[in-house]
Amino acid sequence: MSGRTEGGASSSRLPIAALPAALLCALWTGPAFAHASERGHVLLLPTDYYIAGGAIAVAASFLVLAILPPKLLERLAAQRLALFSISKDLRVLASLCAFALFATLVAAGLFGSRDPLSNPLPLTIWTLLWVGMTLVQGVFGNLWSWINPWYGPWRLLAALFPAIKHRTMPERPGYWPAVLLFLAFAWFELIDPAPDDPARLASAAGLYWLASFVLMIAFGYNDWSRRSEFLSVFFGMISRFAVTEAAAGNRRVRLSLCWPGARLWHAKPLPVSGIAFLLLVLSSVSFDGLSKTFFWLGLIGINPLEFPGRSAVMAVNTLGLMLTFAALSCAYLAAVRLGERLAASGNSLADVAGLMVWSIAPIALVYHFSHYLTALLVDGQYALVALSDPFSLGWNLLGTAHFHVEAGIVAGHDSAWALWNAQAVAIIAGHALAVLIAHALAFRLHEDARRATMSQFPLTVLMIFYTVFGLWLLSTPTAG
Amino acid sequence: MTDTISNPGPARLRLDRRTVLKGVAASAGLAAAPGFVRYSQAQSAAPIRIGFQCHRTGIGAAYGRWYEKTTNAAVKLINDAGGINGRPVEIIVEDDGTDAKRGAEVVAKFASQHKTDIVYGTLFSHVVTGSAPTAGELKIPYYVVSEGYHVASGKMNRYCLQPGITDVRSQVTSVAPWIAANAGKKVTMIFPDYAFGYDHRDYLPPALKAQGAEVIAQIAIPPTESSFTRYFPQIPAETEVIYHVMVGPAVLTFVKELGEFYGSNRPQLFGFIDSLEAVDINSPGLEFLDGSHFWEGSPRYAQPNDSDAQKVYRAAVGIDDNGAAVGDPKDVSTAAHMFGCWETLYVIKKAMEDSGYKGPEDRAKLIEATEALTEFKEGNEHPQGDKVFNGKNHQCYGHQNISKLEGGKLNVVHRTSIEDGHYEVEADYTTQPL
C-alpha cells in the first residue's frame with residue numbers, strides 16, 4: 001500500500017535528474033540490507049500445495065454448482081432477517097462528524113508531525129479508510145454513505161440553497177469520471193514517490209474533497225457520488241457483497257441480514273464504464289502485489305535486493321499498471337464472449353459482461369483483505385497512536401497515545417504461517433463465492449441450466465487462474 | 001536521571017517516542033505563541049534541530065523503525081542530561097521512502113524548509129549516495145549511519161560524515177585474522193551478485209591472504225534467485241570454510257537447502273548477520289546454522305560480560321536479552337547496526353560542544369570540529385566500544401564481534417582489535433573547501 005514497500009528500475013529508465021545518484025550507486029558499493037522479511041518464512045511453507053488445492057477447490061465449486069438446483073440458490077438469496085431501523089436524520093450528523101474529522105486530519109497533515117507513521121492523516125487515509133473501510137463495506141454494508149465527508153455539508157448547503165437539490169448529471173458519462181479519478185488515486189498510491197508524505201497527502205485529499213464538493217453542487221449529490229466520486233462508487237459496489245441490506249423508508253432506514261452476495265441476485269448490468277471501474281480496482285491491487293515480485297523486477301531489469309526507490313520506476317510502473325488493467329479486461333471479456341459462444345446465446349456482449357462483472361466484486365474484496373492484511377495489522381496500531389495525538393502536541397484524546405505498537409504481530413514463522421493461511425482461505429473462498437455469484441447471474445441470462453453452466457466454463461477457468469495468481473503473488477519472493 | 005538511565009522500565013520506555021515528538025511539536029507551537037519573541041531572543045535555549053532522514057517506508061522500513069527507536073532513546077537521554085550546549089535537541093523526521101531521489105529532496109527540505117542545523121541518520125547506501133551531493137551543495141552537515149564504504153572511499157564530500165558506525169571494508173578486513181586462525185585456511189565465498197556482495201568479494205581475499213589463508217572459490221548468486229541447490233556443487237570439496245553473505249527473502253531457503261546439501265558433515269560456516277538482521281535466529285529452516293559463526297556490529301543477545309554502558313543502551317532503546325523489543329519478543333531488532341544512531345548523536349553532541357555551535361552559521365565550524373575528533377572512549381555515549389576517528393576520510397574504526405550460534409543464541413566468542421580493521425586510507429576530505 002502507498003509507499004510501504006517498493007521496487008526499482010534500471011538506470012536506462014531513470015529520469016535525468018536521478019542519473020548522478022544512479023551512477024554513484026553503480027560505482028561505489030555499500031551495503032543494501034535487503035531485509036530477509038516475513039516473505040522468507042512464507043517461502044518455506046508448502047505454498048505449492050495450497051495453490052493446487054485452491055485451484056481444485058474453485059473448480060470443484062463450479063462442478064457442485066452445475067448440479068445444484070438454481071431454485072435453492074434463489075431461495076437463499078431471498079432470505080432476510082430483519083434487524084432494526086435507524087433515523088435518516090442521523091446520516092447528516094454522522095457525515096458532519098466525519099467532515100469535522102476529515103478537516104482535522106487535513107490540518108494535521110499540514111501542521112502535524114512530518115513522520116508518516118506519527119501523523120494520523122496518511123495512516124487514516126491509506127490504512128483505516130482504503131484498507132479498513134473497504135473491508136467494513138464488504139462485510140457490513142454501505143456505512144460510507146453515512147460517514148462520507150460530503151453528504152452533511154451538502155445537506156447544510158441545500159438547506160440554504162434548495163435549488164441545488166434538483167441538480168442532475170447527464171447519463172452519458174456513466175462511470176467514466178469515477179474510472180479516471182480512481183486511476184489517479186491508484187497512481188498516487190502505487191506510483192507517486194511519496195504518497196505517505198503528510199503535507200503532500202493533505203493537499204491532495206483537501207483538494208479532492210473541495211473539487212468533489214463543487215461537482216456535487218453542480219451535478220447533484222446523488223448523481224455525482226453514485227457515478228463519479230470514486231470512493232463512493234467503489235465502496236458502494238463493494239458493499240453489494242455485504243451481509244446487510246438497507247431499505248429506505250420515509251424517515252427511517254430498515255436494516256436486515258442476508259447471505260454474502262445475496263444482494264447481487266437482482267443486480268442490474270453495469271455499463272461499459274462500470275465494468276472498467278471494477279476491473280481497474282482489481283487490477284490496481286493485483287499490480288501493487290505484482291510490482292514487488294522478483295518476477296516483475298526481473299522483467300524490468302531491476303535488482304530486487306537493491307532498489308533505487310519508487311522515483312526510478314515511475315514510468316515503467318505506470319505502464320505496468322495500465323498493462324495489468326488491459327490484460328485483465330481482455331481476459332475477462334474474452335472469457336465472457338467465449339462463454340456466450342459455448343452457450344450459443346443471443347445476448348449482447350455488453351449486457352452479459354455488465355452483469356457478470358459483479359462476480360468480480362468478491363474477488364476484489366478478498367484481494368484487498370489478503371494484500372493489505374499485514375499493513376492493516378501494524379499500521380492500524382500506528383493509526384491508533386497517531387489519532388490520539390493528531391498534532392503531536394502531547395495530547396491523549398483516545399487514551400492510546402502511549403500504546404506500544406507491536407510490530408512483532410506479523411513477524412516470525414508462526415505469524416507468517418497464520419497470515420498465509422488467512423490469506424489463502426480468503427482468496428480461495430472469495431473465488432469460490434465469485435463462481436457462485438457468476439453461476440447465479442448466469443441463470444438470469446439463460447433459462448436452460450446446461451447453457452447457463454456452459455456459459456460459465458471460460459469465466460470459471462479465469463477465476464481458477466486468478467486464484468492461482470493471487471496465491472502466487474502472496475507466496476513468491478518480493479522486494480521489501 | 002540516573003535511575004532513568006539504568007532502569008527505565010517498560011512504561012517509561014513506551015513514552016520515549018511520544019515524549020520526543022511532543023518536544024518537537026511543543027516548540028513548534030511555541031514559535032507561534034505570543035511569548036516566543038522573548039524566547040527566541042534567548043538563543044541559548046532554542047532547540048538544536050536535527051533533521052532525521054528516515055527510511056519510514058520502502059525497502060528500508062524495517063531498519064528505519066529501529067533507527068527511529070534508537071534515535072529517540074538517545075535524544076531523550078541527551079535532553080534529560082541538559083541537551084547540547086544547554087539547548088534541547090529536536091528531531092524532525094522526514095521519510096525518504098528509501099529512495100535516492102526522494103532522499104536528495106528531503107535533504108533540501110531540511111535545509112530550506114525546516115531549517116534544521118544538520119541532517120542525520122541515513123542507512124541505505126543508495127540514499128546516501130543520492131543525497132550527499134545535495135548536502136554538499138547546500139553546505140549542511142550530513143551525518144550518515146550507513147556502514148557503506150562510500151564515505152571512507154572519498155567519493156562523497158566534506159559535508160558527509162560517518163562517525164558512529166564502521167564501514168563494511170573495515171568489517172570484512174577485521175574478521176579475516178579470526179577466520180584464518182580458527183575456522184580454516186581454504187575459504188569458499190557465496191555472495192549475491194551485486195554491489196553488496198562485491199564488497200566482500202573484493203576485500204576478503206587480500207585480507208585472508210595476509211593471514212596465510214586463501215579464497216579457493218567465489219560463487220556469485222544472481223539476486224533474483226530463490227533456489228540455490230544447483231550452485232552448491234560448485235563448492236570445492238577441499239573447502240574448510242564457507243563464507244556466506246546472502247541477503248533478501250530467500251536467505252532462509254538458502255540456509256535450508258545448504259543444510260540439505262551437506263547434512264551433518266559440513267565445513268565451517270562464517271556469515272554476516274546482515275543476512276538475518278531482524279530475523280529470529282531460531283526460525284524453522286535455520287537449524288543448520290547451529291554452531292556457525294557470524295559477524296555482528298553490536299551483539300544482538302545480551303552477553304554475560306556486557307558493560308554497564310551496553311546495559312544502559314539496551315534498556316534505553318527497549319530491547320530485551322534476546323535483542324527483541326521489550327514486551328514484543330517477536331519484534332527482533334536490527335541490533336548489529338542501530339547502535340550507530342546512538343553513537344552518531346553523541347559524536348554530533350561532542351562536536352557541537354567543541355565548536356561552540358550556535359546555529360547554521362557555524363556549520364563549517366561543526367565539520368572542522370568533527371574532523372578534529374580522534375577517538376571515542378567506550379561508555380554510555382559509545383556503548384558498542386572504543387573507536388578511533390579519521391578526520392580525513394570522515395570514517396570511524398572500531399571493534400567487531402564474532403559470535404557463535406549455540407543453544408539458540410549468538411554468543412560473542414571473539415572481539416577484534418581496532419587495528420584488525422585498518423586499511424590504507426587514501427581519501428582526504430579536509431582538502432576540500434568548506
# chains A, B, ... in the order shown; residues from 1 in each chain; ligands from 1
$ select_by_dssp --residues "region 240-444 of chain A" --states "strand (DSSP E or B)" --output "PDB file with N, CA and C atoms, in the first residue's frame"
ATOM      1  N   THR A 244     -25.611  -7.196   4.946  1.00  0.00           N
ATOM      2  CA  THR A 244     -26.780  -6.410   5.369  1.00  0.00           C
ATOM      3  C   THR A 244     -27.427  -5.753   4.162  1.00  0.00           C
ATOM      4  N   GLU A 245     -28.714  -5.496   4.307  1.00  0.00           N
ATOM      5  CA  GLU A 245     -29.435  -4.765   3.270  1.00  0.00           C
ATOM      6  C   GLU A 245     -30.181  -3.628   3.951  1.00  0.00           C
ATOM      7  N   ALA A 246     -30.094  -2.462   3.340  1.00  0.00           N
ATOM      8  CA  ALA A 246     -30.784  -1.301   3.915  1.00  0.00           C
ATOM      9  C   ALA A 246     -31.956  -0.938   3.019  1.00  0.00           C
ATOM     10  N   ALA A 247     -33.137  -0.874   3.590  1.00  0.00           N
ATOM     11  CA  ALA A 247     -34.316  -0.457   2.827  1.00  0.00           C
ATOM     12  C   ALA A 247     -34.754   0.903   3.358  1.00  0.00           C
ATOM     13  N   ALA A 248     -34.771   1.890   2.467  1.00  0.00           N
ATOM     14  CA  ALA A 248     -35.065   3.255   2.913  1.00  0.00           C
ATOM     15  C   ALA A 248     -36.559   3.501   2.983  1.00  0.00           C
ATOM     16  N   ARG A 252     -36.912   6.649   8.120  1.00  0.00           N
ATOM     17  CA  ARG A 252     -36.006   5.683   8.731  1.00  0.00           C
ATOM     18  C   ARG A 252     -35.472   4.698   7.693  1.00  0.00           C
ATOM     19  N   VAL A 253     -34.354   4.093   8.021  1.00  0.00           N
ATOM     20  CA  VAL A 253     -33.769   3.059   7.162  1.00  0.00           C
ATOM     21  C   VAL A 253     -33.848   1.745   7.918  1.00  0.00           C
ATOM     22  N   ARG A 254     -34.472   0.756   7.264  1.00  0.00           N
ATOM     23  CA  ARG A 254     -34.603  -0.544   7.914  1.00  0.00           C
ATOM     24  C   ARG A 254     -33.458  -1.459   7.469  1.00  0.00           C
ATOM     25  N   LEU A 255     -32.798  -2.079   8.425  1.00  0.00           N
ATOM     26  CA  LEU A 255     -31.676  -2.967   8.109  1.00  0.00           C
ATOM     27  C   LEU A 255     -32.094  -4.414   8.271  1.00  0.00           C
ATOM     28  N   SER A 256     -31.637  -5.244   7.344  1.00  0.00           N
ATOM     29  CA  SER A 256     -31.873  -6.673   7.516  1.00  0.00           C
ATOM     30  C   SER A 256     -30.614  -7.445   7.122  1.00  0.00           C
ATOM     31  N   LEU A 257     -30.545  -8.663   7.613  1.00  0.00           N
ATOM     32  CA  LEU A 257     -29.374  -9.517   7.382  1.00  0.00           C
ATOM     33  C   LEU A 257     -29.633 -10.389   6.153  1.00  0.00           C
ATOM     34  N   THR A 293       7.192  -8.185  -6.883  1.00  0.00           N
ATOM     35  CA  THR A 293       7.730  -9.537  -7.024  1.00  0.00           C
ATOM     36  C   THR A 293       9.072  -9.521  -7.760  1.00  0.00           C
TER      37      THR A 293
END
$ interface_residues --of "chain B" --to "chain A" --cutoff "7 Å" --atoms "only C-alpha atoms" --output "ChimeraX atom specification"
/B:14-15,18,21-22,25-26,57-59,93-95,97-101,124-126,129-130,147-150,195-196,199,223-224,247-253,274-276,280,283,328,330-331
$ write_last_selection --atoms "N, CA and C atoms" --output "compact mmCIF listing (two decimals), in the first residue's frame"
# COMPACT_ATOMS: atom_id res chain seq x y z
N ARG B 14 8.05 3.23 26.86
CA ARG B 14 6.99 3.42 25.88
C ARG B 14 6.66 4.90 25.68
N LEU B 15 7.09 5.69 26.62
CA LEU B 15 6.82 7.11 26.49
C LEU B 15 7.83 7.80 25.58
N ARG B 18 6.81 9.31 22.03
CA ARG B 18 5.85 10.40 22.11
C ARG B 18 6.46 11.59 22.83
N LEU B 21 8.50 13.39 20.34
CA LEU B 21 7.62 14.05 19.38
C LEU B 21 6.95 15.26 20.02
N LYS B 22 6.55 15.06 21.26
CA LYS B 22 5.89 16.14 21.97
C LYS B 22 6.81 17.35 22.03
N ALA B 25 6.81 19.15 18.62
CA ALA B 25 5.63 19.92 18.30
C ALA B 25 5.44 21.05 19.30
N ALA B 26 5.81 20.79 20.55
CA ALA B 26 5.63 21.82 21.55
C ALA B 26 6.44 23.05 21.19
N THR B 57 9.29 4.33 4.99
CA THR B 57 8.59 3.46 4.04
C THR B 57 9.62 2.95 3.03
N GLY B 58 9.18 2.04 2.16
CA GLY B 58 10.11 1.48 1.18
C GLY B 58 10.86 0.29 1.76
N ILE B 59 11.88 -0.17 1.04
CA ILE B 59 12.52 -1.43 1.44
C ILE B 59 13.32 -1.32 2.73
N VAL B 93 11.52 14.27 11.77
CA VAL B 93 11.59 13.09 10.91
C VAL B 93 10.99 13.41 9.54
N GLU B 94 11.72 13.08 8.50
CA GLU B 94 11.16 13.11 7.14
C GLU B 94 11.42 11.73 6.53
N ASP B 95 10.42 11.20 5.91
CA ASP B 95 10.55 9.89 5.28
C ASP B 95 11.16 10.05 3.89
N GLY B 97 11.44 7.37 1.92
CA GLY B 97 10.90 6.29 1.10
C GLY B 97 11.97 5.28 0.67
N THR B 98 13.14 5.32 1.31
CA THR B 98 14.31 4.53 0.90
C THR B 98 14.55 4.72 -0.61
N ASP B 99 14.48 5.97 -1.01
CA ASP B 99 14.52 6.33 -2.43
C ASP B 99 15.60 7.40 -2.60
N ALA B 100 16.53 7.14 -3.52
CA ALA B 100 17.67 8.04 -3.68
C ALA B 100 17.24 9.46 -4.05
N LYS B 101 16.34 9.57 -5.01
CA LYS B 101 15.93 10.90 -5.48
C LYS B 101 15.14 11.62 -4.39
N PHE B 124 20.57 3.25 4.07
CA PHE B 124 20.80 2.60 2.77
C PHE B 124 21.76 3.41 1.90
N SER B 125 22.73 2.69 1.33
CA SER B 125 23.81 3.37 0.64
C SER B 125 23.33 4.15 -0.58
N HIS B 126 22.31 3.63 -1.29
CA HIS B 126 21.90 4.37 -2.48
C HIS B 126 21.24 5.69 -2.10
N THR B 129 24.30 8.00 -1.22
CA THR B 129 24.99 8.50 -2.42
C THR B 129 24.09 9.45 -3.22
N GLY B 130 22.80 9.26 -3.14
CA GLY B 130 21.87 10.17 -3.83
C GLY B 130 21.72 11.50 -3.11
N GLU B 147 27.20 2.45 7.16
CA GLU B 147 28.08 1.29 7.13
C GLU B 147 28.74 1.12 5.76
N GLY B 148 28.28 1.85 4.79
CA GLY B 148 28.86 1.72 3.45
C GLY B 148 30.28 2.27 3.40
N TYR B 149 31.02 1.81 2.41
CA TYR B 149 32.40 2.26 2.24
C TYR B 149 32.43 3.59 1.48
N HIS B 150 31.25 4.04 1.00
CA HIS B 150 31.24 5.22 0.13
C HIS B 150 31.80 6.47 0.81
N ALA B 195 26.52 -5.14 -5.88
CA ALA B 195 27.43 -4.31 -5.09
C ALA B 195 27.69 -4.81 -3.67
N PHE B 196 26.63 -5.15 -2.94
CA PHE B 196 26.82 -5.58 -1.56
C PHE B 196 27.75 -6.79 -1.49
N ASP B 199 31.63 -6.00 -2.21
CA ASP B 199 32.46 -5.51 -1.11
C ASP B 199 33.19 -6.69 -0.48
N PRO B 223 20.80 -12.05 -7.98
CA PRO B 223 19.93 -11.52 -6.92
C PRO B 223 18.49 -12.03 -6.99
N THR B 224 18.03 -12.42 -8.16
CA THR B 224 16.63 -12.86 -8.28
C THR B 224 16.46 -14.34 -7.96
N VAL B 247 21.57 -12.15 1.19
CA VAL B 247 20.54 -11.28 1.79
C VAL B 247 19.25 -11.42 0.99
N GLY B 248 18.18 -10.89 1.56
CA GLY B 248 16.89 -10.92 0.87
C GLY B 248 15.97 -12.00 1.40
N PRO B 249 14.76 -12.09 0.84
CA PRO B 249 13.77 -13.01 1.40
C PRO B 249 14.13 -14.48 1.27
N ALA B 250 15.05 -14.81 0.34
CA ALA B 250 15.35 -16.22 0.11
C ALA B 250 16.47 -16.74 1.01
N VAL B 251 16.91 -15.94 1.98
CA VAL B 251 18.01 -16.37 2.85
C VAL B 251 17.67 -17.65 3.60
N LEU B 252 16.45 -17.72 4.10
CA LEU B 252 16.05 -18.90 4.86
C LEU B 252 16.06 -20.15 3.97
N THR B 253 15.63 -19.96 2.74
CA THR B 253 15.65 -21.06 1.78
C THR B 253 17.10 -21.48 1.50
N ASP B 274 24.01 -9.44 8.72
CA ASP B 274 23.16 -8.69 7.78
C ASP B 274 22.15 -9.62 7.12
N SER B 275 22.59 -10.87 6.87
CA SER B 275 21.70 -11.84 6.24
C SER B 275 20.43 -12.07 7.05
N LEU B 276 20.57 -12.03 8.37
CA LEU B 276 19.45 -12.40 9.23
C LEU B 276 19.12 -11.30 10.24
N ASP B 280 14.38 -13.78 13.63
CA ASP B 280 14.60 -14.67 14.77
C ASP B 280 15.56 -15.78 14.34
N SER B 283 14.34 -19.42 13.91
CA SER B 283 13.25 -19.71 12.97
C SER B 283 13.44 -21.08 12.34
N ASP B 328 7.54 -7.37 23.28
CA ASP B 328 7.11 -7.84 21.96
C ASP B 328 8.21 -8.75 21.41
N LYS B 330 8.65 -11.07 19.46
CA LYS B 330 8.81 -11.44 18.04
C LYS B 330 9.38 -10.29 17.20
N ASP B 331 9.41 -9.11 17.79
CA ASP B 331 9.91 -7.94 17.06
C ASP B 331 11.42 -7.85 17.29
$ closest_residue --among "B:Glu238, B:Glu424, B:Asp321, B:Glu277" --to "Trp295 (chain B)" --atoms "only C-alpha atoms"
B:Glu277
$ residues_around --residues "Leu76 (chain A)" --least-positions-apart "4" --cutoff "8 Å" --atoms "only C-alpha atoms" --output "VMD selection string"
chain A and resid 72 259 262
$ residues_around --residues "Asp420 (chain B)" --least-positions-apart "2" --cutoff "9 Å" --atoms "only C-alpha atoms" --output "PyMOL selection string"
chain B and resi 170-171+173-177+399+416-418+422-423
$ write_last_selection --atoms "N, CA and C atoms" --output "PDB file, in the first residue's frame"
ATOM      1  N   SER B 170      36.162  -2.235   6.399  1.00  0.00           N
ATOM      2  CA  SER B 170      36.862  -2.460   7.663  1.00  0.00           C
ATOM      3  C   SER B 170      36.340  -3.718   8.355  1.00  0.00           C
ATOM      4  N   GLN B 171      35.044  -3.923   8.300  1.00  0.00           N
ATOM      5  CA  GLN B 171      34.442  -5.096   8.933  1.00  0.00           C
ATOM      6  C   GLN B 171      34.963  -6.391   8.306  1.00  0.00           C
ATOM      7  N   THR B 173      37.664  -6.786   6.546  1.00  0.00           N
ATOM      8  CA  THR B 173      39.101  -6.915   6.797  1.00  0.00           C
ATOM      9  C   THR B 173      39.362  -7.447   8.211  1.00  0.00           C
ATOM     10  N   SER B 174      38.567  -6.969   9.162  1.00  0.00           N
ATOM     11  CA  SER B 174      38.848  -7.287  10.567  1.00  0.00           C
ATOM     12  C   SER B 174      38.541  -8.735  10.942  1.00  0.00           C
ATOM     13  N   VAL B 175      37.631  -9.380  10.214  1.00  0.00           N
ATOM     14  CA  VAL B 175      37.286 -10.754  10.597  1.00  0.00           C
ATOM     15  C   VAL B 175      38.239 -11.785   9.981  1.00  0.00           C
ATOM     16  N   ALA B 176      39.034 -11.353   9.002  1.00  0.00           N
ATOM     17  CA  ALA B 176      39.911 -12.294   8.292  1.00  0.00           C
ATOM     18  C   ALA B 176      40.891 -13.012   9.231  1.00  0.00           C
ATOM     19  N   PRO B 177      41.565 -12.282  10.143  1.00  0.00           N
ATOM     20  CA  PRO B 177      42.527 -12.998  11.014  1.00  0.00           C
ATOM     21  C   PRO B 177      41.863 -14.107  11.826  1.00  0.00           C
ATOM     22  N   HIS B 399      35.890  -1.914  17.134  1.00  0.00           N
ATOM     23  CA  HIS B 399      35.929  -3.362  17.363  1.00  0.00           C
ATOM     24  C   HIS B 399      34.741  -4.026  16.648  1.00  0.00           C
ATOM     25  N   THR B 416      37.342  -8.334  17.780  1.00  0.00           N
ATOM     26  CA  THR B 416      38.540  -7.956  17.018  1.00  0.00           C
ATOM     27  C   THR B 416      39.126  -6.676  17.605  1.00  0.00           C
ATOM     28  N   SER B 417      40.399  -6.475  17.332  1.00  0.00           N
ATOM     29  CA  SER B 417      41.011  -5.214  17.756  1.00  0.00           C
ATOM     30  C   SER B 417      40.674  -4.152  16.710  1.00  0.00           C
ATOM     31  N   ILE B 418      40.808  -2.908  17.094  1.00  0.00           N
ATOM     32  CA  ILE B 418      40.538  -1.833  16.127  1.00  0.00           C
ATOM     33  C   ILE B 418      41.523  -1.939  14.967  1.00  0.00           C
ATOM     34  N   HIS B 422      41.904  -2.023  10.125  1.00  0.00           N
ATOM     35  CA  HIS B 422      42.553  -0.914   9.399  1.00  0.00           C
ATOM     36  C   HIS B 422      42.919  -1.303   7.972  1.00  0.00           C
ATOM     37  N   TYR B 423      42.824  -0.360   7.106  1.00  0.00           N
ATOM     38  CA  TYR B 423      43.303  -0.497   5.725  1.00  0.00           C
ATOM     39  C   TYR B 423      43.936   0.839   5.364  1.00  0.00           C
TER      40      TYR B 423
END
$ atom_distance --atom1 "CA of His55 (chain B)" --atom2 "CA of Thr334 (chain B)"
13.4 Å
$ residues_around --residues "region 289-293 of chain B" --least-positions-apart "4" --cutoff "8 Å" --atoms "only C-alpha atoms" --output "CSV table (one decimal) with N, CA and C atoms, in the first residue's frame"
chain,number,residue,atom,x,y,z
B,255,VAL,N,19.7,-21.2,3.5
B,255,VAL,CA,20.3,-22.0,4.6
B,255,VAL,C,19.7,-23.4,4.6
B,268,GLN,N,33.1,-25.5,8.1
B,268,GLN,CA,32.8,-24.4,9.0
B,268,GLN,C,32.0,-23.3,8.2
B,269,LEU,N,31.1,-22.6,8.9
B,269,LEU,CA,30.3,-21.6,8.2
B,269,LEU,C,30.6,-20.3,8.9
B,270,PHE,N,30.9,-19.2,8.1
B,270,PHE,CA,31.0,-17.9,8.6
B,270,PHE,C,30.1,-16.9,7.8
B,271,GLY,N,29.3,-16.2,8.5
B,271,GLY,CA,28.4,-15.3,7.8
B,271,GLY,C,28.4,-13.9,8.4
B,402,ILE,N,32.6,-11.4,16.8
B,402,ILE,CA,32.4,-12.6,16.1
B,402,ILE,C,31.6,-13.5,17.1
B,403,SER,N,30.5,-13.9,16.7
B,403,SER,CA,29.6,-14.7,17.6
B,403,SER,C,29.3,-16.1,17.0
B,404,LYS,N,29.2,-17.0,18.0
B,404,LYS,CA,28.9,-18.4,17.6
B,404,LYS,C,27.4,-18.6,18.0
B,405,LEU,N,26.7,-19.2,17.0
B,405,LEU,CA,25.3,-19.6,17.3
B,405,LEU,C,25.3,-20.9,18.0
B,406,GLU,N,24.9,-20.9,19.2
B,406,GLU,CA,24.8,-22.1,20.0
B,406,GLU,C,23.7,-22.0,21.1
B,407,GLY,N,23.0,-23.1,21.2
B,407,GLY,CA,21.9,-23.0,22.2
B,407,GLY,C,20.8,-22.0,21.9
B,408,GLY,N,20.7,-21.7,20.6
B,408,GLY,CA,19.6,-20.8,20.2
B,408,GLY,C,20.0,-19.3,20.4
$ select_by_dssp --residues "region 298-338 of chain B" --states "helix (DSSP H, G or I)" --output "PDB file with N, CA and C atoms, in the first residue's frame"
ATOM      1  N   ASP B 308      28.425  -1.927  31.638  1.00  0.00           N
ATOM      2  CA  ASP B 308      27.295  -1.160  32.159  1.00  0.00           C
ATOM      3  C   ASP B 308      26.702  -0.282  31.062  1.00  0.00           C
ATOM      4  N   ALA B 309      27.592   0.252  30.228  1.00  0.00           N
ATOM      5  CA  ALA B 309      27.126   1.134  29.151  1.00  0.00           C
ATOM      6  C   ALA B 309      26.216   0.369  28.183  1.00  0.00           C
ATOM      7  N   GLN B 310      26.603  -0.870  27.893  1.00  0.00           N
ATOM      8  CA  GLN B 310      25.795  -1.695  26.993  1.00  0.00           C
ATOM      9  C   GLN B 310      24.417  -1.954  27.620  1.00  0.00           C
ATOM     10  N   LYS B 311      24.425  -2.185  28.922  1.00  0.00           N
ATOM     11  CA  LYS B 311      23.147  -2.439  29.609  1.00  0.00           C
ATOM     12  C   LYS B 311      22.262  -1.188  29.588  1.00  0.00           C
ATOM     13  N   VAL B 312      22.875  -0.049  29.804  1.00  0.00           N
ATOM     14  CA  VAL B 312      22.121   1.220  29.767  1.00  0.00           C
ATOM     15  C   VAL B 312      21.523   1.417  28.378  1.00  0.00           C
ATOM     16  N   TYR B 313      22.353   1.200  27.384  1.00  0.00           N
ATOM     17  CA  TYR B 313      21.915   1.376  25.994  1.00  0.00           C
ATOM     18  C   TYR B 313      20.747   0.455  25.660  1.00  0.00           C
ATOM     19  N   ARG B 314      20.860  -0.817  26.003  1.00  0.00           N
ATOM     20  CA  ARG B 314      19.806  -1.786  25.662  1.00  0.00           C
ATOM     21  C   ARG B 314      18.503  -1.437  26.378  1.00  0.00           C
ATOM     22  N   ALA B 315      18.627  -1.043  27.638  1.00  0.00           N
ATOM     23  CA  ALA B 315      17.416  -0.708  28.391  1.00  0.00           C
ATOM     24  C   ALA B 315      16.752   0.544  27.829  1.00  0.00           C
ATOM     25  N   ALA B 316      17.576   1.518  27.468  1.00  0.00           N
ATOM     26  CA  ALA B 316      17.007   2.781  26.979  1.00  0.00           C
ATOM     27  C   ALA B 316      16.312   2.594  25.632  1.00  0.00           C
ATOM     28  N   VAL B 317      16.933   1.797  24.766  1.00  0.00           N
ATOM     29  CA  VAL B 317      16.319   1.574  23.449  1.00  0.00           C
ATOM     30  C   VAL B 317      15.102   0.659  23.587  1.00  0.00           C
ATOM     31  N   ALA B 335      19.887  -4.989  15.805  1.00  0.00           N
ATOM     32  CA  ALA B 335      20.893  -4.662  16.821  1.00  0.00           C
ATOM     33  C   ALA B 335      22.290  -4.456  16.262  1.00  0.00           C
ATOM     34  N   ALA B 336      22.631  -5.159  15.214  1.00  0.00           N
ATOM     35  CA  ALA B 336      24.006  -5.091  14.715  1.00  0.00           C
ATOM     36  C   ALA B 336      24.336  -3.727  14.136  1.00  0.00           C
ATOM     37  N   HIS B 337      23.334  -2.946  13.793  1.00  0.00           N
ATOM     38  CA  HIS B 337      23.579  -1.670  13.131  1.00  0.00           C
ATOM     39  C   HIS B 337      23.055  -0.450  13.866  1.00  0.00           C
ATOM     40  N   MET B 338      21.934  -0.615  14.595  1.00  0.00           N
ATOM     41  CA  MET B 338      21.230   0.586  15.069  1.00  0.00           C
ATOM     42  C   MET B 338      21.974   1.342  16.168  1.00  0.00           C
TER      43      MET B 338
END
$ closest_residue --among "A:Leu433, A:Leu459, A:Met454, A:Ala449" --to "Ala334 (chain A)" --atoms "only C-alpha atoms"
A:Leu459
$ atom_distance --atom1 "CA of Gly359 (chain B)" --atom2 "CA of Asp117 (chain B)"
6.5 Å
